[in-house]
Every structure is written in C-alpha cells, then in structure tokens.
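Here is start-v8.pdb, consisting of PDB, C-alpha atoms:
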ATOM      1  CA  MET A   1      13.233   4.397   3.443
ATOM      2  CA  PHE A   2      12.585   3.563  -0.213
ATOM      3  CA  SER A   3      16.327   3.235  -0.884
ATOM      4  CA  ASP A   4      16.060  -0.165   0.853
ATOM      5  CA  TYR A   5      14.112  -1.406  -2.183
ATOM      6  CA  LYS A   6      16.318   0.022  -4.949
ATOM      7  CA  GLY A   7      16.634  -2.376  -7.878
ATOM      8  CA  LYS A   8      13.229  -3.959  -7.190
ATOM      9  CA  TYR A   9       9.691  -3.317  -8.246
ATOM     10  CA  VAL A  10       7.754  -1.736  -5.411
ATOM     11  CA  ILE A  11       3.987  -1.873  -5.099
ATOM     12  CA  MET A  12       2.677   0.709  -2.634
ATOM     13  CA  ASN A  13      -0.754  -0.332  -1.376
ATOM     14  CA  ILE A  14      -1.971   2.831   0.359
ATOM     15  CA  PHE A  15      -5.179   2.843   2.433
ATOM     16  CA  PRO A  16      -6.943   4.523   5.393
ATOM     17  CA  SER A  17      -6.866   1.796   8.072
ATOM     18  CA  VAL A  18      -6.191  -1.920   8.232
ATOM     19  CA  ASN A  19      -9.167  -2.204  10.599
ATOM     20  CA  THR A  20     -11.763  -1.766   7.855
ATOM     21  CA  GLY A  21     -13.093  -4.429   5.509
ATOM     22  CA  VAL A  22     -11.850  -3.144   2.144
ATOM     23  CA  CYS A  23      -8.462  -2.120   3.545
ATOM     24  CA  SER A  24      -7.822  -5.463   5.223
ATOM     25  CA  LYS A  25      -8.940  -7.250   2.048
ATOM     26  CA  SER A  26      -6.422  -5.266  -0.018
ATOM     27  CA  VAL A  27      -3.633  -6.262   2.388
ATOM     28  CA  ARG A  28      -4.676  -9.931   2.192
ATOM     29  CA  THR A  29      -4.912  -9.827  -1.613
ATOM     30  CA  PHE A  30      -1.548  -8.114  -2.085
ATOM     31  CA  ASN A  31      -0.028 -10.549   0.440
ATOM     32  CA  GLN A  32      -1.203 -13.464  -1.758
ATOM     33  CA  GLU A  33      -0.058 -11.765  -4.978
ATOM     34  CA  ALA A  34       3.357 -10.860  -3.532
ATOM     35  CA  ALA A  35       4.187 -14.516  -2.930
ATOM     36  CA  GLY A  36       4.301 -15.096  -6.698
ATOM     37  CA  LEU A  37       6.122 -11.939  -7.807
ATOM     38  CA  ASN A  38       9.861 -12.002  -8.425
ATOM     39  CA  ASN A  39      12.050  -9.021  -7.531
ATOM     40  CA  THR A  40       9.043  -7.218  -6.045
ATOM     41  CA  THR A  41       8.277  -5.796  -2.616
ATOM     42  CA  VAL A  42       4.766  -4.842  -1.564
ATOM     43  CA  LEU A  43       4.516  -1.992   0.929
ATOM     44  CA  CYS A  44       1.182  -1.596   2.720
ATOM     45  CA  ILE A  45       1.008   1.966   4.010
ATOM     46  CA  SER A  46      -1.567   3.485   6.367
ATOM     47  CA  LYS A  47      -1.839   5.843   9.342
ATOM     48  CA  ASP A  48      -2.347   2.845  11.648
ATOM     49  CA  LEU A  49       0.082   2.586  14.528
ATOM     50  CA  PRO A  50       2.846   0.014  13.966
ATOM     51  CA  PHE A  51       1.630  -2.217  16.814
ATOM     52  CA  ALA A  52      -1.867  -2.344  15.275
ATOM     53  CA  GLN A  53      -0.370  -3.308  11.906
ATOM     54  CA  LYS A  54       1.761  -6.009  13.537
ATOM     55  CA  GLU A  55      -1.214  -7.367  15.462
ATOM     56  CA  PHE A  56      -3.306  -7.560  12.273
ATOM     57  CA  CYS A  57      -0.530  -9.308  10.339
ATOM     58  CA  GLY A  58       0.020 -11.819  13.132
ATOM     59  CA  ALA A  59      -3.669 -12.642  13.401
ATOM     60  CA  GLU A  60      -4.079 -12.925   9.612
ATOM     61  CA  GLY A  61      -0.825 -14.746   8.776
ATOM     62  CA  ILE A  62       0.362 -11.837   6.632
ATOM     63  CA  ASN A  63       4.070 -12.301   5.914
ATOM     64  CA  ASN A  64       4.700 -11.447   2.233
ATOM     65  CA  VAL A  65       4.234  -7.670   2.531
ATOM     66  CA  VAL A  66       5.952  -4.913   4.490
ATOM     67  CA  MET A  67       3.642  -2.847   6.682
ATOM     68  CA  LEU A  68       4.594   0.811   7.059
ATOM     69  CA  SER A  69       2.980   3.415   9.289
ATOM     70  CA  ASP A  70       2.581   7.033   8.207
ATOM     71  CA  PHE A  71       1.495   7.950  11.730
ATOM     72  CA  ARG A  72       4.527  10.155  12.359
ATOM     73  CA  SER A  73       5.724  10.934   8.846
ATOM     74  CA  ASP A  74       4.729  13.154   5.951
ATOM     75  CA  PHE A  75       4.262  10.413   3.343
ATOM     76  CA  GLY A  76       0.582  11.263   2.790
ATOM     77  CA  ASN A  77       1.316  14.897   1.978
ATOM     78  CA  ALA A  78       4.431  14.119  -0.049
ATOM     79  CA  TYR A  79       2.548  11.658  -2.285
ATOM     80  CA  GLY A  80      -0.720  13.613  -2.359
ATOM     81  CA  VAL A  81      -2.767  10.831  -0.778
ATOM     82  CA  GLN A  82      -3.766  12.392   2.546
ATOM     83  CA  ILE A  83      -7.493  13.012   2.843
ATOM     84  CA  LYS A  84      -8.038  16.748   3.326
ATOM     85  CA  ASP A  85     -11.585  16.948   4.672
ATOM     86  CA  GLY A  86     -14.603  15.011   5.861
ATOM     87  CA  ALA A  87     -14.902  12.257   8.441
ATOM     88  CA  MET A  88     -11.671  10.596   7.291
ATOM     89  CA  ARG A  89      -9.620  13.791   7.277
ATOM     90  CA  GLY A  90      -5.953  13.119   7.987
ATOM     91  CA  LEU A  91      -6.062   9.460   6.938
ATOM     92  CA  LEU A  92      -4.626   8.185   3.669
ATOM     93  CA  SER A  93      -6.846   7.663   0.647
ATOM     94  CA  ARG A  94      -6.960   4.355  -1.197
ATOM     95  CA  ALA A  95      -4.282   4.338  -3.881
ATOM     96  CA  VAL A  96      -1.761   2.034  -5.532
ATOM     97  CA  ILE A  97       1.593   3.115  -6.934
ATOM     98  CA  VAL A  98       4.011   0.775  -8.724
ATOM     99  CA  VAL A  99       7.649   1.822  -9.066
ATOM    100  CA  ASP A 100      10.054  -0.036 -11.354
ATOM    101  CA  PRO A 101      13.620  -1.077 -10.391
ATOM    102  CA  GLN A 102      14.979   2.201 -11.816
ATOM    103  CA  GLY A 103      12.700   4.242  -9.530
ATOM    104  CA  LYS A 104      10.208   5.292 -12.226
ATOM    105  CA  ILE A 105       6.477   5.240 -11.466
ATOM    106  CA  VAL A 106       4.966   2.787 -13.965
ATOM    107  CA  TYR A 107       1.434   2.601 -12.564
ATOM    108  CA  GLU A 108      -0.730   4.707 -10.301
ATOM    109  CA  GLU A 109      -4.350   4.495  -9.291
ATOM    110  CA  GLN A 110      -6.296   6.784  -7.004
ATOM    111  CA  VAL A 111      -9.438   4.781  -6.242
ATOM    112  CA  PRO A 112     -12.374   7.163  -6.867
ATOM    113  CA  GLU A 113     -14.571   5.815  -4.063
ATOM    114  CA  ILE A 114     -12.960   4.948  -0.727
ATOM    115  CA  GLY A 115     -15.175   1.856  -0.429
ATOM    116  CA  HIS A 116     -13.908   0.350  -3.698
ATOM    117  CA  GLU A 117     -10.981  -2.010  -4.008
ATOM    118  CA  PRO A 118      -7.967  -1.127  -6.135
ATOM    119  CA  ASP A 119      -7.388  -2.768  -9.516
ATOM    120  CA  TYR A 120      -5.074  -5.613  -8.464
ATOM    121  CA  VAL A 121      -4.776  -6.986 -12.001
ATOM    122  CA  ALA A 122      -3.634  -3.651 -13.475
ATOM    123  CA  ALA A 123      -1.101  -3.135 -10.665
ATOM    124  CA  LYS A 124       0.351  -6.599 -11.175
ATOM    125  CA  ALA A 125       0.417  -6.105 -14.978
ATOM    126  CA  ALA A 126       2.737  -3.100 -14.521
ATOM    127  CA  ILE A 127       5.420  -5.463 -13.239
ATOM    128  CA  LYS A 128       7.444  -6.994 -16.061
ATOM    129  CA  GLN A 129       8.443 -10.473 -14.889
TER     130      GLN A 129
END
Structure re-expressed in structure tokens:
Amino acid sequence: MFSDYKGKYVIMNIFPSVNTGVCSKSVRTFNQEAAGLNNTTVLCISKDLPFAQKEFCGAEGINNVVMLSDFRSDFGNAYGVQIKDGAMRGLLSRAVIVVDPQGKIVYEEQVPEIGHEPDYVAAKAAIKQ
C-alpha cells in the first residue's frame, strides 16, 4: 500500500472516526494544507468503512487527501495506534506520522487527549519543500 507513495512525503493523519467533530476538522485542515504541498500525499486513516469515508468526502468537497480504511487490516496494531481499552476500544487513536521520500519517519505525534487536534504546523514543518 505505502509503496504507491515511494519518493514522496507522506503525512498519515490517523484518527478514530470521520463522524466526530475533531476528526472531521483534521481531515478538512489536512485537505486544505495538502493543496499547497509539493511532492506530498496526505493519507487520512480511520476504522470507518470506505463508503462512509467516501460519503463524507463527497459532502465536504474533500479531494486533496486519500482516505484509507483500517476496518479490515492490521494497520492500527502494526503502527501502535489502536486503542486498547475503554469506550473507544478497537478504534485508532489520534496521531500524525510524516514519512520522507526515502521512507524515514521524520515526525510523529501521538495526541495525548483524544479530543485535541494534532499539531498541523509541526507536521507541515517536517516537510522540506
């Protein structure tokens, strides 16, 4: 999957569900930011079903990011972002990972409180334009 983006910066915007306020705001914000970033792909990753992601993007005019569903994959466990307990158990936590064109992680943020937004400025600063 990630081999499709080799040679580019990749911003992974990881979140619980696009149907919540902070999550949908992060998708909208990264969609706006992505329009001005060269050689960069923004992946918005959640456990939402693909049709729900597509419906959200259509209704919101989201077209500068790639929506990916972890509904039937092991991404959350592989990257250590799956919530292990509590009411949101099984969903993905709020995190941002930036990978450079050589495949090296150059920025990562695990948002300490699920209701907080990620640091968009710091994520964007990790990309050398």
- Message: List as a count of residues only the protein and nucleic acid residues near Gly103 of chain A, meaning an atom at most 10 Å away when only C-alpha atoms are counted, but skip any in the same chain fewer than 6 places from it.
- Response: 8
- Item | Selection under test: the PyMOL selection byres ((chain A and resi 34-49) around 10); residues as an MDAnalysis selection string | chainID A and resid 2 5 7:19 23 26:33 50:54 63:73 75:76 82 90:101 124 127:129
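When all atoms listed in the file are used to compute distances to Ile114 of chain A, the closest of the residues A:Ala78, A:Asp4, A:Cys57, A:Ala87 turns out to be A:Ala87.
Picture a line from atom CA of Asp74 of chain A to atom CA of Gly61 of chain A; it runs 28.6 Å.
One distance worth recording is that between atom CA of Thr20 of chain A and atom CA of His116 of chain A, which is 11.9 Å.
A straight line drawn from atom CA of Glu55 of chain A to atom CA of Val22 of chain A is 17.6 Å long.
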Expected axis-aligned box over every listed atom of segment 88-91 of chain A, 4 Å added per side, centre plus edges in Å to one decimal, as lines of an AutoDock Vina configuration file:
center_x = -8.8
center_y = 11.6
center_z = 7.5
size_x = 13.7
size_y = 12.3
size_z = 9.0
- Restricting the calculation to all atoms listed in the file, which member of A:Ala123, A:Asn77, A:Lys25, A:Ala59 is positioned closest to Ile105 of chain A? A:Ala123
